[in-house]
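Text of work-v2.cif (mmCIF, C-alpha atoms) as supplied:
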data_data
#
loop_
_atom_site.label_atom_id
_atom_site.label_comp_id
_atom_site.auth_asym_id
_atom_site.auth_seq_id
_atom_site.Cartn_x
_atom_site.Cartn_y
_atom_site.Cartn_z
CA MET Q 265 0.00 0.00 0.00
CA ARG Q 266 1.02 3.63 -0.53
CA LEU Q 267 1.36 5.67 2.70
CA ILE Q 268 1.19 9.47 2.73
CA ASP Q 269 2.99 11.21 5.57
CA THR Q 270 0.74 13.91 7.07
CA ASP Q 271 3.62 16.20 8.07
CA THR Q 272 5.75 16.18 4.91
CA GLY Q 273 3.34 14.81 2.30
CA ILE Q 274 5.92 12.23 1.17
CA GLN Q 275 4.51 9.03 -0.31
CA THR Q 276 6.11 5.68 0.47
CA VAL Q 277 5.12 2.16 -0.52
CA MET Q 278 5.06 -0.35 2.38
CA ALA Q 279 3.20 -3.33 3.74
CA ILE Q 280 -0.09 -2.85 5.60
CA ALA Q 281 1.34 -4.40 8.78
CA ASP Q 282 4.24 -1.93 8.78
CA ALA Q 283 1.86 1.00 8.22
CA LEU Q 284 -0.37 -0.16 11.10
CA LYS Q 285 2.69 -0.49 13.36
CA LEU Q 286 3.84 3.01 12.37
CA ALA Q 287 0.41 4.48 13.12
CA GLU Q 288 0.20 2.68 16.46
CA GLU Q 289 3.65 3.94 17.49
CA ALA Q 290 2.61 7.51 16.67
CA GLY Q 291 -0.68 7.08 18.56
CA LEU Q 292 -2.67 7.95 15.43
CA ASP Q 293 -5.07 6.18 13.07
CA LEU Q 294 -4.43 4.62 9.66
CA VAL Q 295 -7.11 5.98 7.32
CA ALA Q 296 -7.72 4.66 3.80
CA VAL Q 297 -7.93 7.69 1.49
CA SER Q 298 -8.36 5.76 -1.74
CA PRO Q 299 -8.94 2.06 -1.03
CA ASN Q 300 -9.89 1.13 -4.62
CA SER Q 301 -6.69 2.34 -6.29
CA ASP Q 302 -3.74 0.07 -7.03
CA PRO Q 303 -1.96 0.15 -4.58
CA PRO Q 304 -4.41 1.49 -1.97
CA VAL Q 305 -3.57 4.94 -0.58
CA CYS Q 306 -3.62 5.53 3.21
CA LYS Q 307 -2.74 8.32 5.63
CA VAL Q 308 -1.62 8.29 9.23
CA LEU Q 309 -3.63 10.95 11.09
CA ASP Q 310 -5.79 11.65 14.13
CA TYR Q 311 -9.20 10.65 12.75
CA SER Q 312 -11.29 12.36 15.44
CA HIS Q 313 -9.44 15.63 14.85
CA TYR Q 314 -9.94 15.22 11.10
CA ILE Q 315 -13.72 14.72 11.54
CA TYR Q 316 -13.85 17.76 13.86
CA ASN Q 317 -12.11 19.96 11.26
CA GLN Q 318 -14.40 18.70 8.49
CA GLY Q 319 -17.45 19.65 10.57
CA LYS Q 320 -16.02 23.13 11.16
CA LEU Q 321 -15.42 23.58 7.42
CA GLU Q 322 -18.99 22.48 6.61
CA LYS Q 323 -20.45 24.92 9.14
CA LYS Q 324 -18.34 27.74 7.74
CA ALA Q 325 -19.50 26.90 4.21
CA LYS Q 326 -23.15 26.97 5.34
CA LYS Q 327 -22.68 30.40 6.93
CA THR Q 328 -21.25 31.92 3.77
CA VAL Q 329 -24.07 30.64 1.56
CA LYS Q 330 -26.87 33.19 1.47
CA SER Q 331 -30.28 31.67 1.10
CA ASN Q 332 -32.96 33.50 -0.83
CA VAL Q 333 -35.65 34.19 1.71
CA LEU Q 334 -39.06 35.30 0.51
CA LYS Q 335 -41.15 37.18 3.05
CA GLU Q 336 -44.85 37.59 2.33
CA LEU Q 337 -46.95 40.53 3.51
CA LYS Q 338 -50.72 40.28 3.12
CA LEU Q 339 -53.01 43.23 2.45
CA THR Q 340 -56.69 43.74 1.64
CA PRO Q 341 -58.21 46.45 -0.58
CA LYS Q 342 -59.92 48.04 2.44
CA ILE Q 343 -56.74 48.25 4.54
CA GLY Q 344 -56.55 51.13 6.98
CA GLU Q 345 -53.75 53.69 6.76
CA HIS Q 346 -52.07 52.57 10.00
CA ASP Q 347 -52.17 48.91 8.98
CA TYR Q 348 -50.72 49.85 5.61
CA GLN Q 349 -47.87 51.73 7.30
CA VAL Q 350 -47.10 48.71 9.51
CA ARG Q 351 -46.85 46.45 6.44
CA PHE Q 352 -44.83 49.07 4.57
CA GLN Q 353 -42.30 49.41 7.41
CA ALA Q 354 -42.02 45.62 7.65
CA ALA Q 355 -41.30 45.49 3.92
CA GLN Q 356 -38.60 48.15 4.33
CA LYS Q 357 -37.00 46.13 7.15
CA PHE Q 358 -37.02 42.90 5.13
CA LEU Q 359 -35.54 44.62 2.08
CA ALA Q 360 -32.83 46.23 4.22
CA LYS Q 361 -31.85 42.75 5.45
CA GLY Q 362 -31.59 41.58 1.82
CA HIS Q 363 -34.75 39.46 1.71
CA LYS Q 364 -37.26 39.40 -1.12
CA VAL Q 365 -40.76 40.60 -0.27
CA LYS Q 366 -44.02 39.32 -1.77
CA MET Q 367 -46.88 41.78 -1.36
CA THR Q 368 -50.22 39.98 -1.68
CA VAL Q 369 -53.64 41.64 -1.84
CA PHE Q 370 -56.51 39.32 -0.89
CA PHE Q 371 -59.97 40.03 -2.30
CA ARG Q 372 -62.82 38.75 -0.15
CA GLY Q 373 -66.37 38.41 -1.32
CA ARG Q 374 -67.46 41.16 -3.70
CA GLU Q 375 -64.16 43.04 -3.39
CA ILE Q 376 -63.04 41.10 -6.47
CA THR Q 377 -65.37 43.26 -8.59
CA HIS Q 378 -62.93 46.16 -8.03
CA PRO Q 379 -59.49 44.78 -8.91
CA ASP Q 380 -58.28 48.30 -9.70
CA VAL Q 381 -58.28 49.13 -5.95
CA GLY Q 382 -55.89 46.24 -5.23
CA LEU Q 383 -53.63 47.12 -8.15
CA ALA Q 384 -53.56 50.74 -7.01
CA LEU Q 385 -52.45 49.53 -3.57
CA LEU Q 386 -49.61 47.49 -5.10
CA ARG Q 387 -48.58 50.44 -7.29
CA ARG Q 388 -48.53 52.66 -4.19
CA VAL Q 389 -46.19 50.22 -2.44
CA ASN Q 390 -43.97 50.10 -5.52
CA ALA Q 391 -43.86 53.90 -5.79
CA GLU Q 392 -43.00 54.37 -2.11
CA LEU Q 393 -40.31 51.66 -2.16
CA GLY Q 394 -38.97 52.78 -5.54
CA ASP Q 395 -35.56 53.91 -4.24
CA THR Q 396 -34.86 50.76 -2.18
CA ALA Q 397 -36.60 48.00 -4.15
CA GLN Q 398 -37.11 46.76 -7.67
CA VAL Q 399 -40.00 44.70 -8.99
CA ASP Q 400 -39.06 41.12 -9.86
CA HIS Q 401 -42.52 39.91 -10.64
CA GLY Q 402 -45.08 42.59 -11.52
CA PRO Q 403 -48.61 42.85 -10.15
CA VAL Q 404 -50.32 39.65 -11.28
CA PHE Q 405 -53.79 38.28 -10.54
CA ASN Q 406 -54.05 34.67 -9.44
CA GLY Q 407 -57.59 33.77 -8.42
CA PRO Q 408 -58.82 36.05 -5.64
CA THR Q 409 -55.34 37.48 -5.03
CA ALA Q 410 -53.04 39.97 -6.67
CA SER Q 411 -49.34 39.75 -5.86
CA MET Q 412 -46.05 41.44 -6.60
CA VAL Q 413 -42.51 40.34 -5.69
CA LEU Q 414 -39.92 42.97 -4.74
CA SER Q 415 -36.20 42.52 -4.24
CA PRO Q 416 -33.64 44.95 -2.83
CA LYS Q 417 -31.74 47.14 -5.27
CA LYS Q 418 -28.06 46.36 -5.52
#
In structure tokens, how does this file's structure come out?
Amino acid sequence: MRLIDTDTGIQTVMAIADALKLAEEAGLDLVAVSPNSDPPVCKVLDYSHYIYNQGKLEKKAKKTVKSNVLKELKLTPKIGEHDYQVRFQAAQKFLAKGHKVKMTVFFRGREITHPDVGLALLRRVNAELGDTAQVDHGPVFNGPTASMVLSPKK
């Protein structure tokens, strides 16, 4: 088998028994890196420390990856001014954090006969967030709802 020294990186060819004896003398583990190759490749290292470092690297990789989070804010055509301002400020906060925001207007009952009121509400949101957000997905009707997706400007 081929043995890779962890300190120097030098490869030597030796018997498995000799490699096991060498690992035991060093108080480390003999780990097969590539068991299917000819000859098999092994390393002498502290396996528990190796697993610990691999876990740290995976956690660090997960932290650096930014997930695309979509936050949804629900409105109705008859929304009061204060309620609108609460939703608007929440949208500003989400956009500042880098999240996408989906503004959804729900039409209940006979409100659907006046879709222009809901679209006007979405246009108002777009106009007021114009300097901090851009429209990814314009105002679209889907059944009894109208929705628009905003993302932060870069």
Mind telling me what the PyMOL selection byres ((chain Q and resi 303) around 7) catches here, as a ChimeraX atom specification?
/Q:265-266,301-302,304-305
Residues just named, written with C-alpha atoms as a PDB file, keeping the file's coordinate frame:
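Wrote selection_20.pdb, looks like this:
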ATOM      1  CA  MET Q 265       0.000   0.000   0.000  1.00  0.00           C
ATOM      2  CA  ARG Q 266       1.020   3.630  -0.530  1.00  0.00           C
ATOM      3  CA  SER Q 301      -6.690   2.340  -6.290  1.00  0.00           C
ATOM      4  CA  ASP Q 302      -3.740   0.070  -7.030  1.00  0.00           C
ATOM      5  CA  PRO Q 304      -4.410   1.490  -1.970  1.00  0.00           C
ATOM      6  CA  VAL Q 305      -3.570   4.940  -0.580  1.00  0.00           C
TER       7      VAL Q 305
END
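Proximity of Q:Thr328, Q:Glu322, Q:Ala290, Q:Val297 to Asp310 of chain Q, computed with only C-alpha atoms, is greatest for Q:Ala290.
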When you count all atoms listed in the file, which of these residues is closest to Gly273 of chain Q: Q:Ala325, Q:Val308, Q:Leu334, Q:Val389?
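Smallest distance to Gly273 of chain Q is found for Q:Val308.
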For Arg372 of chain Q: contacts at 12 Å, only C-alpha atoms, fewer than 5 positions along chain excluded, given as a PDB file with C-alpha atoms, in the frame of the given file:
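Wrote around_16.pdb, looks like this:
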ATOM      1  CA  LEU Q 339     -53.010  43.230   2.450  1.00  0.00           C
ATOM      2  CA  THR Q 340     -56.690  43.740   1.640  1.00  0.00           C
ATOM      3  CA  PRO Q 341     -58.210  46.450  -0.580  1.00  0.00           C
ATOM      4  CA  LYS Q 342     -59.920  48.040   2.440  1.00  0.00           C
ATOM      5  CA  THR Q 377     -65.370  43.260  -8.590  1.00  0.00           C
ATOM      6  CA  HIS Q 378     -62.930  46.160  -8.030  1.00  0.00           C
ATOM      7  CA  PRO Q 379     -59.490  44.780  -8.910  1.00  0.00           C
ATOM      8  CA  GLY Q 382     -55.890  46.240  -5.230  1.00  0.00           C
ATOM      9  CA  GLY Q 407     -57.590  33.770  -8.420  1.00  0.00           C
ATOM     10  CA  PRO Q 408     -58.820  36.050  -5.640  1.00  0.00           C
ATOM     11  CA  THR Q 409     -55.340  37.480  -5.030  1.00  0.00           C
ATOM     12  CA  ALA Q 410     -53.040  39.970  -6.670  1.00  0.00           C
TER      13      ALA Q 410
END
Could you tell me how far atom CA of Val329 of chain Q sits from atom CA of Ala355 of chain Q, in Å to one decimal place?
22.9 Å
Using only C-alpha atoms, which of Q:Asp380, Q:Asn406, Q:Thr276, Q:Lys417 sits nearest Gly394 of chain Q?
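Closest to Gly394 of chain Q of all the choices is Q:Lys417.
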Output as a compact mmCIF listing (two decimals), in the coordinates of the input: segment 317-345 of chain Q, completed with N, CA and C atoms.
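The new file part.txt reads:
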# COMPACT_ATOMS: atom_id res chain seq x y z
N ASN Q 317 -12.45 18.89 12.22
CA ASN Q 317 -12.11 19.96 11.26
C ASN Q 317 -13.05 19.96 10.06
N GLN Q 318 -13.46 18.77 9.61
CA GLN Q 318 -14.40 18.70 8.49
C GLN Q 318 -15.74 19.32 8.87
N GLY Q 319 -16.21 19.05 10.10
CA GLY Q 319 -17.45 19.65 10.57
C GLY Q 319 -17.36 21.17 10.64
N LYS Q 320 -16.21 21.68 11.10
CA LYS Q 320 -16.02 23.13 11.16
C LYS Q 320 -16.06 23.75 9.76
N LEU Q 321 -15.43 23.08 8.79
CA LEU Q 321 -15.42 23.58 7.42
C LEU Q 321 -16.83 23.58 6.83
N GLU Q 322 -17.62 22.54 7.12
CA GLU Q 322 -18.99 22.48 6.61
C GLU Q 322 -19.85 23.59 7.20
N LYS Q 323 -19.69 23.85 8.50
CA LYS Q 323 -20.45 24.92 9.14
C LYS Q 323 -20.08 26.28 8.56
N LYS Q 324 -18.80 26.48 8.32
CA LYS Q 324 -18.34 27.74 7.74
C LYS Q 324 -18.90 27.93 6.32
N ALA Q 325 -18.95 26.83 5.56
CA ALA Q 325 -19.50 26.90 4.21
C ALA Q 325 -20.99 27.22 4.24
N LYS Q 326 -21.72 26.67 5.23
CA LYS Q 326 -23.15 26.97 5.34
C LYS Q 326 -23.39 28.42 5.70
N LYS Q 327 -22.52 29.00 6.53
CA LYS Q 327 -22.68 30.40 6.93
C LYS Q 327 -22.48 31.35 5.76
N THR Q 328 -21.54 31.02 4.87
CA THR Q 328 -21.25 31.92 3.77
C THR Q 328 -22.30 31.87 2.68
N VAL Q 329 -23.03 30.76 2.58
CA VAL Q 329 -24.07 30.64 1.56
C VAL Q 329 -25.29 31.45 2.00
N LYS Q 330 -25.71 32.36 1.14
CA LYS Q 330 -26.87 33.19 1.47
C LYS Q 330 -28.10 32.56 0.82
N SER Q 331 -29.06 32.25 1.64
CA SER Q 331 -30.28 31.67 1.10
C SER Q 331 -31.23 32.78 0.68
N ASN Q 332 -31.98 32.53 -0.36
CA ASN Q 332 -32.96 33.50 -0.83
C ASN Q 332 -34.24 33.33 -0.03
N VAL Q 333 -34.47 34.26 0.86
CA VAL Q 333 -35.65 34.19 1.71
C VAL Q 333 -36.72 35.08 1.12
N LEU Q 334 -37.93 34.54 1.02
CA LEU Q 334 -39.06 35.30 0.51
C LEU Q 334 -40.03 35.54 1.65
N LYS Q 335 -40.22 36.80 1.99
CA LYS Q 335 -41.15 37.18 3.05
C LYS Q 335 -42.44 37.65 2.39
N GLU Q 336 -43.57 37.21 2.91
CA GLU Q 336 -44.85 37.59 2.33
C GLU Q 336 -45.61 38.50 3.29
N LEU Q 337 -46.12 39.61 2.75
CA LEU Q 337 -46.95 40.53 3.51
C LEU Q 337 -48.32 40.57 2.86
N LYS Q 338 -49.37 40.38 3.66
CA LYS Q 338 -50.72 40.28 3.12
C LYS Q 338 -51.50 41.57 3.39
N LEU Q 339 -52.20 42.01 2.38
CA LEU Q 339 -53.01 43.23 2.45
C LEU Q 339 -54.42 42.91 1.95
N THR Q 340 -55.36 43.80 2.23
CA THR Q 340 -56.69 43.74 1.64
C THR Q 340 -56.98 45.09 1.01
N PRO Q 341 -57.92 45.16 0.06
CA PRO Q 341 -58.21 46.45 -0.58
C PRO Q 341 -58.72 47.51 0.39
N LYS Q 342 -59.36 47.09 1.47
CA LYS Q 342 -59.92 48.04 2.44
C LYS Q 342 -58.99 48.29 3.62
N ILE Q 343 -57.68 48.13 3.44
CA ILE Q 343 -56.74 48.25 4.54
C ILE Q 343 -56.70 49.69 5.06
N GLY Q 344 -56.63 49.81 6.37
CA GLY Q 344 -56.55 51.13 6.98
C GLY Q 344 -55.16 51.71 6.81
N GLU Q 345 -55.03 53.01 6.98
CA GLU Q 345 -53.75 53.69 6.76
C GLU Q 345 -52.68 53.19 7.75
